[in-house]
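Asker: Dropping in data05.cif, with mmCIF, C-alpha atoms.
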data_model
#
loop_
_atom_site.label_atom_id
_atom_site.label_comp_id
_atom_site.auth_asym_id
_atom_site.auth_seq_id
_atom_site.Cartn_x
_atom_site.Cartn_y
_atom_site.Cartn_z
CA MET M 14 15.68 11.41 -93.94
CA ARG M 15 15.99 11.61 -90.19
CA GLN M 16 15.21 9.22 -87.40
CA LEU M 17 13.30 10.55 -84.41
CA ALA M 18 14.39 9.52 -80.92
CA VAL M 19 12.08 7.22 -78.97
CA SER M 20 11.09 8.28 -75.48
CA ALA M 21 11.89 6.32 -72.36
CA LEU M 22 8.17 5.77 -71.84
CA LEU M 23 7.86 4.15 -75.28
CA ALA M 24 10.82 1.90 -74.54
CA VAL M 25 9.12 0.64 -71.40
CA ALA M 26 5.85 0.09 -73.26
CA VAL M 27 7.57 -1.83 -76.05
CA ALA M 28 9.43 -4.01 -73.58
CA SER M 29 6.08 -5.07 -72.16
CA THR M 30 4.82 -6.39 -75.50
CA GLY M 31 6.82 -9.59 -75.26
CA LEU M 32 9.48 -8.58 -77.77
CA ALA M 33 12.19 -9.81 -75.44
CA ARG M 34 11.82 -13.43 -76.50
CA SER M 35 14.39 -14.99 -78.79
CA PRO M 36 13.78 -15.09 -82.56
CA GLN M 37 12.61 -18.29 -84.21
CA PRO M 38 15.15 -21.10 -84.78
CA PRO M 39 17.10 -21.20 -88.06
CA ALA M 40 15.01 -22.01 -91.08
CA SER M 41 17.44 -24.72 -92.07
CA GLN M 42 15.66 -27.02 -89.64
CA ALA M 43 12.70 -29.22 -90.62
CA LYS M 44 10.34 -26.37 -91.42
CA PRO M 45 10.24 -22.56 -91.41
CA PRO M 46 9.02 -20.79 -88.29
CA VAL M 47 5.35 -21.56 -87.75
CA LYS M 48 4.91 -18.56 -85.50
CA PRO M 49 5.97 -15.01 -86.38
CA PRO M 50 9.54 -14.18 -85.33
CA VAL M 51 9.86 -12.04 -82.22
CA ALA M 52 12.74 -9.62 -81.80
CA PRO M 53 14.27 -8.37 -78.54
CA PRO M 54 13.17 -4.97 -77.20
CA VAL M 55 14.61 -1.63 -78.12
CA ALA M 56 17.92 -2.05 -76.91
CA ALA M 57 29.65 14.10 -115.74
CA PRO M 58 31.76 11.25 -116.74
CA LYS M 59 33.55 10.29 -119.94
CA ALA M 60 31.08 8.28 -121.99
CA ALA M 61 33.42 5.75 -123.60
CA ALA M 62 33.49 2.11 -122.61
CA PRO M 63 36.93 0.72 -121.80
CA GLU M 64 36.87 -1.59 -124.83
CA ALA M 65 36.26 1.32 -127.21
CA GLN M 66 38.64 1.48 -130.16
CA GLY M 67 38.98 4.86 -131.82
CA PRO M 68 36.56 7.79 -131.86
CA VAL M 69 32.97 7.41 -132.99
CA THR M 70 32.40 9.20 -136.27
CA ALA M 71 29.35 11.35 -136.98
CA GLU M 72 28.09 8.78 -139.50
CA GLN M 73 28.50 5.93 -137.01
CA LEU M 74 26.62 7.97 -134.44
CA ARG M 75 23.71 8.71 -136.79
CA THR M 76 23.44 5.06 -137.75
CA ALA M 77 23.61 3.95 -134.13
CA ILE M 78 20.86 6.35 -133.05
CA ASN M 79 18.62 5.10 -135.86
CA ASN M 80 19.27 1.54 -134.70
CA LEU M 81 18.18 2.19 -131.11
CA SER M 82 14.71 0.92 -132.01
CA SER M 83 15.79 -2.22 -133.84
CA ILE M 84 13.81 -5.31 -132.86
CA ASP M 85 17.07 -7.27 -133.17
CA TYR M 86 18.93 -7.18 -129.85
CA ALA M 87 22.18 -7.92 -131.67
CA VAL M 88 21.72 -4.60 -133.48
CA ARG M 89 20.04 -2.54 -130.77
CA SER M 90 22.47 -3.25 -127.94
CA PRO M 91 25.70 -2.45 -129.83
CA ALA M 92 24.04 0.71 -131.14
CA ALA M 93 23.48 1.93 -127.59
CA ARG M 94 27.10 1.16 -126.71
CA ILE M 95 28.34 3.17 -129.69
CA VAL M 96 26.25 6.17 -128.65
CA ARG M 97 27.45 5.96 -125.04
CA ARG M 98 31.12 5.98 -126.01
CA ALA M 99 30.82 8.87 -128.45
CA GLU M 100 32.39 12.15 -127.43
CA PRO M 101 29.87 14.26 -125.47
CA ALA M 102 30.42 17.23 -127.78
CA THR M 103 29.13 15.09 -130.64
CA ALA M 104 26.70 12.80 -128.89
CA ILE M 105 24.72 15.35 -126.88
CA PRO M 106 23.58 17.51 -129.84
CA ALA M 107 22.76 14.40 -131.90
CA LEU M 108 20.74 12.83 -129.10
CA THR M 109 18.97 16.11 -128.38
CA GLN M 110 17.93 16.42 -132.00
CA ALA M 111 16.71 12.82 -132.00
CA VAL M 112 14.58 13.46 -128.92
CA LYS M 113 13.02 16.52 -130.50
CA ALA M 114 12.41 15.37 -134.05
CA HIS M 115 13.12 11.73 -134.84
CA ALA M 116 10.28 10.04 -136.72
CA ASP M 117 10.55 6.86 -134.66
CA GLN M 118 8.93 7.36 -131.25
CA TYR M 119 10.97 4.59 -129.63
CA VAL M 120 14.20 6.19 -130.87
CA ARG M 121 13.08 9.43 -129.22
CA TYR M 122 12.60 7.54 -125.97
CA ARG M 123 15.91 5.68 -126.06
CA ALA M 124 17.75 8.84 -127.07
CA LEU M 125 16.39 10.67 -124.03
CA VAL M 126 17.32 7.79 -121.73
CA ILE M 127 20.89 7.62 -123.03
CA LEU M 128 21.20 11.41 -123.04
CA SER M 129 20.40 11.42 -119.32
CA GLY M 130 23.57 9.42 -118.70
CA PHE M 131 25.77 12.23 -120.03
CA ASN M 132 24.69 14.48 -117.16
CA ASP M 133 24.49 17.57 -119.35
CA PRO M 134 22.68 20.52 -117.71
CA ARG M 135 20.79 21.28 -120.92
CA THR M 136 18.97 17.97 -120.55
CA ARG M 137 16.77 19.55 -117.89
CA ASP M 138 14.93 21.68 -120.44
CA LEU M 139 14.24 18.62 -122.59
CA MET M 140 12.81 16.85 -119.55
CA VAL M 141 10.49 19.78 -118.82
CA SER M 142 9.21 19.64 -122.39
CA ALA M 143 8.76 15.86 -122.17
CA ILE M 144 6.25 16.25 -119.31
CA ALA M 145 3.65 17.32 -121.88
CA ASP M 146 4.78 15.01 -124.69
CA LYS M 147 2.29 12.59 -126.26
CA ASN M 148 4.89 9.83 -126.04
CA ASP M 149 4.14 7.90 -122.83
CA ARG M 150 7.72 6.69 -122.54
CA LEU M 151 9.13 10.21 -122.72
CA ARG M 152 6.83 11.35 -119.94
CA THR M 153 7.97 8.42 -117.80
CA VAL M 154 11.61 9.37 -118.29
CA ALA M 155 10.88 12.99 -117.46
CA TYR M 156 9.14 12.10 -114.21
CA ALA M 157 11.95 9.73 -113.24
CA TYR M 158 14.47 12.48 -113.97
CA PHE M 159 12.73 14.93 -111.66
CA GLU M 160 12.57 12.35 -108.92
CA GLY M 161 16.34 12.11 -109.01
CA ASN M 162 16.79 15.83 -109.68
CA PRO M 163 14.13 17.66 -107.62
CA ASP M 164 13.21 21.05 -109.05
CA LYS M 165 10.61 23.13 -107.23
CA THR M 166 9.81 25.06 -110.40
CA VAL M 167 8.27 21.95 -111.98
CA VAL M 168 6.02 21.09 -109.02
CA PRO M 169 2.96 22.89 -110.46
CA ARG M 170 3.44 20.92 -113.70
CA LEU M 171 3.64 17.65 -111.76
CA LEU M 172 0.54 18.39 -109.73
CA GLU M 173 -1.34 19.35 -112.88
CA ALA M 174 -0.19 16.16 -114.59
CA LEU M 175 -1.56 14.09 -111.73
CA ASN M 176 -5.07 15.20 -112.72
CA SER M 177 -4.61 14.37 -116.40
CA GLU M 178 -2.15 11.47 -116.57
CA GLU M 179 -4.18 8.42 -117.55
CA SER M 180 -1.47 5.90 -118.42
CA GLU M 181 -1.15 3.26 -115.71
CA PHE M 182 2.45 2.73 -116.82
CA VAL M 183 3.34 6.40 -116.38
CA ARG M 184 1.57 7.30 -113.14
CA PRO M 185 4.01 5.40 -110.88
CA ALA M 186 6.92 7.53 -112.12
CA LEU M 187 4.83 10.67 -111.68
CA THR M 188 3.93 9.64 -108.15
CA ARG M 189 7.56 9.07 -107.25
CA ALA M 190 8.52 12.43 -108.72
CA LEU M 191 5.97 14.13 -106.48
CA ALA M 192 7.26 12.23 -103.43
CA ALA M 193 10.70 13.71 -104.07
CA HIS M 194 9.30 17.24 -103.70
CA ALA M 195 8.07 17.00 -100.12
CA ASP M 196 9.12 20.58 -99.32
CA ASP M 197 5.97 21.74 -101.10
CA PRO M 198 2.86 21.81 -98.84
CA LYS M 199 0.53 20.96 -101.73
CA VAL M 200 2.61 17.90 -102.55
CA ARG M 201 2.45 16.70 -98.94
CA GLN M 202 -1.32 17.12 -98.85
CA THR M 203 -1.70 15.31 -102.16
CA MET M 204 0.51 12.38 -101.22
CA GLU M 205 -1.23 11.87 -97.88
CA LYS M 206 -4.58 11.66 -99.66
CA LEU M 207 -3.25 9.20 -102.23
CA VAL M 208 -2.26 6.77 -99.47
CA MET M 209 -5.92 6.26 -98.62
CA GLN M 210 -7.64 6.43 -102.00
CA GLY M 211 -7.56 4.76 -105.39
CA GLN M 212 -6.77 1.26 -106.58
CA ALA M 213 -4.47 -0.95 -104.52
CA PHE M 214 -1.77 -1.01 -107.21
CA PHE M 215 -1.42 2.77 -107.30
CA ARG M 216 -1.66 3.06 -103.53
CA SER M 217 1.17 0.55 -103.27
CA VAL M 218 3.33 2.76 -105.49
CA VAL M 219 2.51 5.79 -103.34
CA ILE M 220 3.37 3.94 -100.13
CA GLU M 221 6.68 2.69 -101.49
CA ALA M 222 7.60 6.17 -102.73
CA LEU M 223 6.83 7.72 -99.34
CA GLY M 224 9.07 5.18 -97.66
CA ASP M 225 11.91 5.66 -100.11
CA HIS M 226 11.77 9.43 -99.62
CA ARG M 227 11.48 9.21 -95.81
CA ALA M 228 8.14 11.03 -95.71
CA THR M 229 7.65 11.59 -91.99
CA TYR M 230 4.66 13.82 -92.79
CA ALA M 231 2.77 10.72 -93.98
CA LEU M 232 3.21 8.65 -90.83
CA LYS M 233 -0.43 8.84 -89.77
CA PRO M 234 -2.01 7.38 -92.92
CA LEU M 235 0.77 4.81 -93.26
CA LEU M 236 0.17 3.62 -89.72
CA GLU M 237 -3.53 3.28 -90.49
CA VAL M 238 -2.81 1.15 -93.55
CA ALA M 239 -0.35 -1.02 -91.61
CA LYS M 240 -3.05 -1.87 -89.07
CA VAL M 241 -5.41 -3.32 -91.69
CA ASP M 242 -4.99 -6.85 -93.04
CA GLY M 243 -4.62 -6.84 -96.78
CA PRO M 244 -2.23 -6.52 -99.71
CA LEU M 245 -0.97 -3.08 -98.65
CA GLN M 246 -0.04 -4.04 -95.11
CA ASP M 247 3.43 -5.30 -96.04
CA ASP M 248 4.12 -2.20 -98.15
CA ALA M 249 3.14 0.08 -95.29
CA ALA M 250 5.28 -1.84 -92.79
CA LEU M 251 8.38 -1.50 -94.97
CA ALA M 252 7.65 2.18 -95.64
CA LEU M 253 7.45 2.82 -91.90
CA GLY M 254 10.80 1.13 -91.44
CA LYS M 255 12.40 3.19 -94.19
CA ILE M 256 11.06 6.42 -92.71
CA GLY M 257 12.80 5.52 -89.48
CA ASP M 258 10.42 7.02 -86.92
CA LYS M 259 10.38 4.74 -83.89
CA THR M 260 6.86 5.76 -82.99
CA ALA M 261 5.90 3.12 -85.57
CA LEU M 262 7.46 0.36 -83.46
CA PRO M 263 4.33 -0.67 -81.49
CA VAL M 264 2.41 -1.21 -84.73
CA LEU M 265 5.23 -3.27 -86.23
CA ALA M 266 5.52 -5.28 -83.04
CA GLY M 267 1.83 -6.05 -83.27
CA LEU M 268 2.25 -7.25 -86.84
CA GLN M 269 4.86 -9.73 -85.67
CA ARG M 270 2.12 -11.40 -83.65
CA THR M 271 -0.67 -11.26 -86.23
CA ALA M 272 0.67 -11.04 -89.80
CA PRO M 273 1.05 -14.21 -91.91
CA ARG M 274 4.34 -16.07 -91.97
CA GLU M 275 5.29 -14.92 -95.46
CA SER M 276 5.05 -11.29 -94.30
CA GLN M 277 7.39 -11.72 -91.35
CA PRO M 278 10.74 -11.18 -93.14
CA GLY M 279 9.56 -7.79 -94.39
CA ILE M 280 8.34 -6.82 -90.95
CA ALA M 281 11.64 -7.93 -89.43
CA ALA M 282 13.46 -5.77 -91.99
CA ALA M 283 11.28 -2.79 -91.11
CA ILE M 284 12.04 -3.17 -87.39
CA CYS M 285 15.74 -3.51 -88.18
CA LEU M 286 15.58 -0.28 -90.18
CA LEU M 287 14.30 1.42 -87.04
CA GLY M 288 17.56 0.39 -85.37
CA VAL M 289 15.90 -2.26 -83.21
CA ASN M 290 18.10 -5.29 -82.64
CA CYS M 291 19.19 -6.10 -86.17
CA ALA M 292 21.45 -8.74 -84.64
CA SER M 293 18.36 -10.94 -84.25
CA HIS M 294 16.09 -9.74 -87.04
CA GLN M 295 18.52 -9.92 -89.94
CA PRO M 296 19.63 -13.52 -89.20
CA TYR M 297 15.97 -14.50 -89.11
CA ILE M 298 15.52 -13.08 -92.63
CA VAL M 299 18.61 -14.94 -93.80
CA ASP M 300 17.38 -18.20 -92.28
CA SER M 301 13.98 -17.72 -93.91
CA LEU M 302 15.60 -17.25 -97.31
CA ARG M 303 17.87 -20.24 -96.80
CA PHE M 304 14.94 -22.47 -95.87
CA SER M 305 12.69 -21.31 -98.69
CA ILE M 306 15.48 -21.93 -101.21
CA ALA M 307 16.02 -25.46 -99.93
CA ASN M 308 12.34 -26.41 -99.71
CA ILE M 309 9.98 -26.26 -102.67
CA GLY M 310 6.65 -24.56 -102.15
CA PHE M 311 7.61 -21.43 -100.22
CA GLN M 312 7.91 -18.99 -103.14
CA SER M 313 6.15 -16.17 -101.29
CA LEU M 314 8.65 -16.57 -98.45
CA VAL M 315 11.51 -16.38 -100.96
CA ARG M 316 10.15 -13.07 -102.26
CA SER M 317 9.63 -11.61 -98.81
CA ALA M 318 13.02 -12.66 -97.48
CA ALA M 319 14.95 -11.58 -100.58
CA SER M 320 13.14 -8.25 -100.61
CA GLY M 321 13.85 -7.77 -96.90
CA LEU M 322 17.57 -8.33 -97.36
CA SER M 323 17.59 -6.01 -100.37
CA VAL M 324 15.91 -3.24 -98.36
CA LEU M 325 18.52 -3.60 -95.63
CA ALA M 326 21.32 -3.58 -98.19
CA VAL M 327 19.94 -0.46 -99.87
CA ALA M 328 20.00 1.16 -96.44
CA GLY M 329 23.73 0.39 -96.23
CA ARG M 330 23.99 -2.97 -94.48
CA GLU M 331 26.81 -4.71 -96.32
CA ASP M 332 26.28 -8.04 -94.56
CA ALA M 333 22.73 -8.18 -95.92
CA ALA M 334 24.04 -7.70 -99.46
CA THR M 335 26.66 -10.39 -98.89
CA GLU M 336 24.07 -12.90 -97.73
CA LEU M 337 21.75 -12.10 -100.63
CA ILE M 338 24.46 -12.74 -103.22
CA ALA M 339 25.95 -15.76 -101.47
CA LEU M 340 22.60 -17.50 -101.06
CA GLY M 341 21.30 -16.51 -104.48
CA GLY M 342 24.38 -17.46 -106.47
CA PRO M 343 23.82 -21.25 -106.64
CA THR M 344 20.03 -21.08 -107.07
CA GLN M 345 17.84 -21.97 -110.02
CA ASP M 346 14.35 -20.84 -110.98
CA PRO M 347 11.74 -20.44 -109.68
CA VAL M 348 13.47 -19.24 -106.50
CA ARG M 349 16.26 -17.50 -108.40
CA ALA M 350 14.14 -14.85 -110.13
CA PRO M 351 12.99 -12.95 -107.01
CA ILE M 352 16.53 -13.03 -105.62
CA ALA M 353 17.91 -11.64 -108.87
CA LEU M 354 15.30 -8.89 -108.88
CA SER M 355 16.29 -7.99 -105.32
CA ILE M 356 19.90 -7.67 -106.47
CA GLY M 357 18.69 -5.47 -109.31
CA THR M 358 16.87 -3.22 -106.85
CA LEU M 359 20.06 -2.90 -104.81
CA ALA M 360 22.05 -2.04 -107.91
CA LEU M 361 19.68 0.74 -108.92
CA ARG M 362 19.21 2.24 -105.46
CA ASN M 363 22.65 1.83 -103.89
CA THR M 364 25.09 1.32 -106.74
CA PRO M 365 28.24 2.14 -104.69
CA LEU M 366 27.44 -0.52 -102.09
CA LEU M 367 26.82 -3.23 -104.68
CA MET M 368 30.06 -2.39 -106.46
CA LYS M 369 31.88 -2.58 -103.16
CA MET M 370 30.45 -6.05 -102.58
CA LEU M 371 31.43 -7.17 -106.08
CA ALA M 372 35.03 -6.18 -105.36
CA GLN M 373 35.20 -9.37 -103.31
CA ASP M 374 36.38 -12.19 -105.56
CA VAL M 375 34.01 -14.74 -104.07
CA LEU M 376 30.96 -12.54 -104.71
CA ARG M 377 31.84 -11.06 -108.10
CA GLU M 378 30.85 -13.84 -110.47
CA PRO M 379 27.56 -14.84 -108.78
CA GLY M 380 26.65 -11.21 -108.12
CA VAL M 381 27.23 -10.05 -111.68
CA GLU M 382 25.32 -13.02 -113.09
CA LEU M 383 22.34 -12.33 -110.81
CA LEU M 384 22.46 -8.68 -111.83
CA ARG M 385 22.56 -9.58 -115.52
CA GLU M 386 19.44 -11.68 -115.08
CA ALA M 387 17.75 -8.91 -113.11
CA PHE M 388 18.35 -6.34 -115.84
CA ASP M 389 16.89 -8.78 -118.38
CA MET M 390 13.68 -8.82 -116.32
CA LEU M 391 13.47 -5.21 -115.17
CA GLU M 392 11.95 -2.46 -117.30
CA GLU M 393 13.67 0.45 -115.62
CA ASP M 394 15.63 1.88 -118.53
CA PHE M 395 16.22 5.30 -116.98
CA GLU M 396 17.39 3.84 -113.67
CA GLU M 397 19.61 1.34 -115.47
CA GLU M 398 21.15 4.16 -117.49
CA ARG M 399 22.03 5.97 -114.27
CA PHE M 400 23.62 2.74 -113.05
CA PHE M 401 25.60 2.46 -116.29
CA ALA M 402 26.77 6.06 -115.96
CA THR M 403 27.97 5.45 -112.40
CA VAL M 404 29.86 2.32 -113.47
CA ARG M 405 31.51 4.11 -116.41
CA ARG M 406 32.49 7.00 -114.17
CA THR M 407 33.95 4.57 -111.64
CA TYR M 408 35.99 2.88 -114.37
CA TRP M 409 37.60 6.07 -115.61
CA GLN M 410 38.21 7.51 -112.14
CA SER M 411 39.80 4.37 -110.71
CA ALA M 412 43.44 3.42 -110.94
CA ALA M 413 44.44 0.68 -113.38
CA GLY M 414 44.44 -2.69 -111.66
CA SER M 415 42.41 -1.46 -108.69
CA PRO M 416 39.46 -3.52 -107.40
CA GLU M 417 37.10 -0.69 -108.38
CA ARG M 418 38.24 -0.71 -112.00
CA THR M 419 38.15 -4.50 -112.12
CA VAL M 420 34.53 -4.50 -110.97
CA ALA M 421 33.54 -1.74 -113.39
CA ASP M 422 35.26 -3.50 -116.29
CA THR M 423 33.51 -6.77 -115.44
CA LEU M 424 30.11 -5.09 -115.29
CA ILE M 425 30.64 -3.26 -118.58
CA ARG M 426 31.59 -6.49 -120.35
CA LYS M 427 29.03 -8.81 -118.75
CA LEU M 428 26.10 -6.38 -119.01
CA GLU M 429 27.20 -5.29 -122.49
CA PHE M 430 26.89 -1.55 -122.14
#
Just dump the structure as structure tokens.
Answerer:
Amino acid sequence: MRQLAVSALLAVAVASTGLARSPQPPASQAKPPVKPPVAPPVAAPKAAAPEAQGPVTAEQLRTAINNLSSIDYAVRSPAARIVRRAEPATAIPALTQAVKAHADQYVRYRALVILSGFNDPRTRDLMVSAIADKNDRLRTVAYAYFEGNPDKTVVPRLLEALNSEESEFVRPALTRALAAHADDPKVRQTMEKLVMQGQAFFRSVVIEALGDHRATYALKPLLEVAKVDGPLQDDAALALGKIGDKTALPVLAGLQRTAPRESQPGIAAAICLLGVNCASHQPYIVDSLRFSIANIGFQSLVRSAASGLSVLAVAGREDAATELIALGGPTQDPVRAPIALSIGTLALRNTPLLMKMLAQDVLREPGVELLREAFDMLEEDFEEERFFATVRRTYWQSAAGSPERTVADTLIRKLEF
């Protein structure tokens, strides 16, 4: 979580790489930059929804929990809303019992997800039990919970699970949970090894997790991956940027000269994350997105540019979030989908910043619509539930008529939670 200072000697060496040239011209011209861009040198809330009318009865709650697995969205979605607005004193025991003993395995899963939004301390014990549950979905929720709520006492269980977890849908959550426990020496050793071994898909998950959790201990293997052409190079570059250690700058500078054009927005974002002349790198990403929206056939550039802006926004750059929403608002598929997903990533990983952006009248409608589409595509139920909990908490803690309550109310209505 900390950036390391770059030495004066490194600054001189980087200046000699040719980074002092201006970035490529705006992508709104005839074609996107043919050459890689070159940057200058180092210079527990109440659960009710606002539209709730009257308390939820015990019978309504039981019926709603049973309906959490309905194949009919028109039944399933209102059922979840009823459970969320029930009084915690009633809802928590009912959800806990459903997790433990309901005959429908999907109800058990949804009950655990919704229970996590109540922020009850007793949920932790359920999550520990879920690590060994036969229900794949429950294990996924448990791992996601311990990523967001690190607990050193569960580390041995997580390491043991890594040797036995066979589900390709569950292992990513387990990997991220381990990355959140970097204080443990065994975890650090394990994660470093995973960077260099296994299938590309799982290695990609490991690399992303190490970046998100600012794993400075994994710099060496990440640098090695970033130097090799291939599908993991972009992931490694972004992870290095997220970690924030400027010793990675020479490698990233080299990628600006050698990596393919569609990789350049991500590399520019990584360099910006290191604090290196964002004034040039971020506009290049914006121009790349603008061009690829306006010109058919540059879908990979759309994905890279949208992802790059999302990464910068997650890191706290409000202007990146503004550009992402403003450019994405008028779009249509196929370019719209990756932009919407980038907004969804921002919502899940920096909810306060997105809500702040949506307080602006000009951004609210397009931003909420993009987010609605993102949540339709994403399968991150646990993360979405945390987002919902934050929005509900913001609603009840904000003054009537305030921009914060207006945004929360809009999200609750438009996303139907």
Asker: So which residues touch M:Gly380 within 8 Å, counting all atoms listed in the file, skipping near sequence neighbours fewer than 5 positions away, as a count of residues only?
Answerer: 4
Asker: Would you pick out the contacts of M:Ser305 at 7 Å or less, using only C-alpha atoms, so that residues sharing its chain but fewer than 6 positions from it are not included, and give the list as a VMD selection string?
Answerer: chain M and resid 311 to 312 314 to 315
Asker: What is the atom CA of M:Leu187-atom CA of M:Ile144 distance in Å, reported with one decimal?
Answerer: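 Atom CA of M:Ile144 lies 9.6 Å from atom CA of M:Leu187.
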Asker: Rounded to one decimal in Å, what is the spacing between atom CA of M:Glu205 and atom CA of M:Gly279?
Answerer: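 Computed distance, atom CA of M:Glu205 to atom CA of M:Gly279, equals 22.7 Å.
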Asker: Given the file above and the PyMOL selection byres ((chain M and resi 257) around 7), which residues are selected, and can you give them as a PyMOL selection string?
Answerer: chain M and resi 15-16+253-256+258-259+286-287
Asker: Mind working out the centre and edge lengths of an axis-aligned box for stretch 342-346 of chain M, all listed atoms inside, 5 Å added to each side, rounded to one decimal in Å and written as lines of an AutoDock Vina configuration file?
Answerer:
center_x = 19.4
center_y = -19.7
center_z = -108.7
size_x = 20.0
size_y = 14.5
size_z = 14.5
Asker: Give the answer as one residue: which of M:Glu160, M:Asp248, M:Asp225, M:Asp242 has the shortest atom-to-atom distance to M:Ala272, using only C-alpha atoms?
Answerer: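 Result for the nearest residue to M:Ala272: M:Asp242.
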Asker: For the provided coordinates, the residues matched by the PyMOL selection byres ((chain M and resi 165) around 10) should be stated as a list in words.
Answerer: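 Selected by the PyMOL selection byres ((chain M and resi 165) around 10) here: Phe159, Asn162, Pro163, Asp164, Thr166, Val167, Val168, Pro169, Arg170, Leu171, Ala193, His194, Ala195, Asp196 and Asp197 of chain M.
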Asker: Can you tell me, as an NGL selection string, which residues sit within 10 Å of (28.0, 6.4, -114.3) in the file's frame, using all atoms listed in the file?
Answerer: :M and (57-60 or 130-132 or 364 or 397-409 or 421)
Asker: Take the point (0.0, -0.1, -85.8) in the file's coordinates, draw a sphere of radius 6 Å around it, and report as JSON, numbers by chain every protein, DNA or RNA residue with an atom inside or on it, counting all atoms listed in the file.
Answerer: {"M": [236, 239, 240, 264]}
Asker: Give as a ChimeraX atom specification the residues that the PyMOL selection byres ((chain M and resi 149-158) around 9) matches when applied to the coordinates above.
Answerer: /M:112,118-119,121-123,125-126,129,137,139-148,159-163,171,180,182-191,394-396
Asker: Atom CA of M:Leu245 to atom CA of M:Ser217: how many Å, to one decimal?
Answerer: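 Result for atom CA of M:Leu245 versus atom CA of M:Ser217: 6.3 Å, one decimal.
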Asker: Using only C-alpha atoms, which residues sit within 12 Å of M:Ala319 once same-chain residues fewer than 4 positions away are excluded, as a PyMOL selection string?
Answerer: chain M and resi 275-279+282+295+297-306+312-315+323-326+333-341+348-359
Asker: Considering only C-alpha atoms, state which residue in the set M:Arg89, M:Arg362, M:His226, M:Arg135 is at the smallest distance from M:Thr109.
Answerer: M:Arg135
Asker: Give the answer as one residue: which of M:Ile78, M:Leu232, M:Val420, M:Ala261 has the shortest atom-to-atom distance to M:Arg377, using only C-alpha atoms?
Answerer: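 Looking only at the distances to M:Arg377, the closest residue turns out to be M:Val420.
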Asker: Quick one: of M:Ala77, M:Ala213, M:Ala292, M:Leu361, who's nearest to M:Gly243, counting all atoms listed in the file?
Answerer: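 For M:Gly243, the nearest of the candidates is M:Ala213.
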Asker: Can you tell me which residues surround M:Arg385 at a distance of at most 10 Å, considering only C-alpha atoms, apart from same-chain residues fewer than 2 positions away, and format the answer as a PDB file with C-alpha atoms, in the frame of the given file?
Answerer:
ATOM      1  CA  ALA M 353      17.910 -11.640-108.870  1.00  0.00           C
ATOM      2  CA  LEU M 354      15.300  -8.890-108.880  1.00  0.00           C
ATOM      3  CA  ILE M 356      19.900  -7.670-106.470  1.00  0.00           C
ATOM      4  CA  GLY M 357      18.690  -5.470-109.310  1.00  0.00           C
ATOM      5  CA  PRO M 379      27.560 -14.840-108.780  1.00  0.00           C
ATOM      6  CA  GLY M 380      26.650 -11.210-108.120  1.00  0.00           C
ATOM      7  CA  VAL M 381      27.230 -10.050-111.680  1.00  0.00           C
ATOM      8  CA  GLU M 382      25.320 -13.020-113.090  1.00  0.00           C
ATOM      9  CA  LEU M 383      22.340 -12.330-110.810  1.00  0.00           C
ATOM     10  CA  ALA M 387      17.750  -8.910-113.110  1.00  0.00           C
ATOM     11  CA  PHE M 388      18.350  -6.340-115.840  1.00  0.00           C
ATOM     12  CA  ASP M 389      16.890  -8.780-118.380  1.00  0.00           C
ATOM     13  CA  MET M 390      13.680  -8.820-116.320  1.00  0.00           C
ATOM     14  CA  LEU M 424      30.110  -5.090-115.290  1.00  0.00           C
ATOM     15  CA  LYS M 427      29.030  -8.810-118.750  1.00  0.00           C
ATOM     16  CA  LEU M 428      26.100  -6.380-119.010  1.00  0.00           C
ATOM     17  CA  GLU M 429      27.200  -5.290-122.490  1.00  0.00           C
TER      18      GLU M 429
END
Asker: Rank M:Thr103, M:Ser177, M:Ser82, M:Gln202 by their smallest atom-to-atom distance to M:Val69, using only C-alpha atoms, and report the top residue only.
Answerer: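 Closest to M:Val69 of all the choices is M:Thr103.
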Asker: Using only C-alpha atoms for the distances, tell me which of M:Thr271, M:Gln246, M:Ser415, M:Thr344 is nearest to M:Gln373.
Answerer: M:Ser415
